[in-house]
Amino acid sequence: MTFSRLNSASRRALLRGLPAALLGLCAPALVGVGPSRAKAGTDAANASYDPLKQVWVCTFNECDPYYYHPEKGDPVNIVGGHPIPPNTAFEDLPSDWRCPICGAGKDWFVKET
Ligand SMILES: [Zn+2]
């Protein structure tokens, strides 16, 4: 009785530690794979869509306008304090990223065709 209680307790402790350990192992892979896999499903109809090739343009009235090129990123962003490394899809930008020219949020951007 005492032993089985001990065993189940230690087993529970093990299981409790396991998800964290698994998450620590898998999180980087999930972050890299998750969004693009979801996107592949969404854009199945448009097989040619490549988020890393899609240029986005700022539509804010007083903007120059600014074009976001995923292959260049935004390494010197001074508005939001978010330097974006090259090869970052617009969809993967932080939600509080802002246009480096006019400071408009991501909502102001549309896909450049
Ligand atoms: Zn702008």
# chains A, B, ... in the order shown; residues from 1 in each chain; ligands from 1
$ residues_near_ligand --ligand "ligand 1" --cutoff "6 Å" --atoms "only C-alpha atoms and all ligand atoms" --output "count of residues only"
10
$ residues_around --residues "stretch 69-81 of chain A" --least-positions-apart "3" --cutoff "7 Å" --atoms "only C-alpha atoms" --output "CSV table (one decimal) with N, CA and C atoms, in the first residue's frame"
chain,number,residue,atom,x,y,z
A,52,LEU,N,7.9,34.4,-47.9
A,52,LEU,CA,9.3,35.0,-47.9
A,52,LEU,C,9.5,35.8,-49.2
A,53,LYS,N,8.6,35.7,-50.1
A,53,LYS,CA,8.8,36.5,-51.4
A,53,LYS,C,7.8,37.6,-51.5
A,54,GLN,N,6.7,37.5,-50.6
A,54,GLN,CA,5.6,38.5,-50.7
A,54,GLN,C,6.1,39.8,-50.1
A,55,VAL,N,6.0,40.9,-50.9
A,55,VAL,CA,6.3,42.2,-50.5
A,55,VAL,C,5.0,42.8,-50.0
A,56,TRP,N,5.2,43.6,-48.9
A,56,TRP,CA,4.0,44.3,-48.3
A,56,TRP,C,4.3,45.7,-48.3
A,84,ILE,N,14.4,43.4,-37.3
A,84,ILE,CA,13.9,42.2,-37.9
A,84,ILE,C,15.0,41.6,-38.8
A,85,PRO,N,15.4,40.3,-38.5
A,85,PRO,CA,16.4,39.7,-39.3
A,85,PRO,C,15.9,39.4,-40.7
A,86,PRO,N,16.8,39.3,-41.7
A,86,PRO,CA,16.4,39.0,-43.1
A,86,PRO,C,15.7,37.6,-43.1
A,87,ASN,N,14.9,37.4,-44.1
A,87,ASN,CA,14.1,36.2,-44.3
A,87,ASN,C,13.1,36.0,-43.2
A,88,THR,N,12.4,37.1,-42.8
A,88,THR,CA,11.3,37.0,-41.9
A,88,THR,C,10.0,37.4,-42.6
A,89,ALA,N,9.1,36.5,-42.7
A,89,ALA,CA,7.8,36.7,-43.4
A,89,ALA,C,7.0,37.8,-42.7
A,90,PHE,N,6.3,38.6,-43.4
A,90,PHE,CA,5.5,39.7,-42.8
A,90,PHE,C,4.6,39.1,-41.7
A,97,TRP,N,5.1,45.4,-34.2
A,97,TRP,CA,6.1,46.0,-35.2
A,97,TRP,C,5.4,47.1,-35.9
A,98,ARG,N,6.2,48.2,-36.2
A,98,ARG,CA,5.6,49.3,-36.9
A,98,ARG,C,6.4,49.7,-38.1
A,100,PRO,N,8.7,51.6,-40.3
A,100,PRO,CA,9.9,52.4,-39.9
A,100,PRO,C,9.8,53.8,-40.4
A,103,GLY,N,5.4,54.8,-38.8
A,103,GLY,CA,5.0,54.3,-37.5
A,103,GLY,C,3.7,53.6,-37.5
$ atom_distance --atom1 "atom CA of A:Asp107" --atom2 "atom CA of A:Tyr67"
13.9 Å
$ closest_residue --among "A:His82, A:Ser48, A:Thr59, A:Ser95" --to "A:Phe109" --atoms "only C-alpha atoms"
A:Thr59
$ atom_distance --atom1 "atom CA of A:Leu93" --atom2 "atom CA of A:Asp64"
20.4 Å
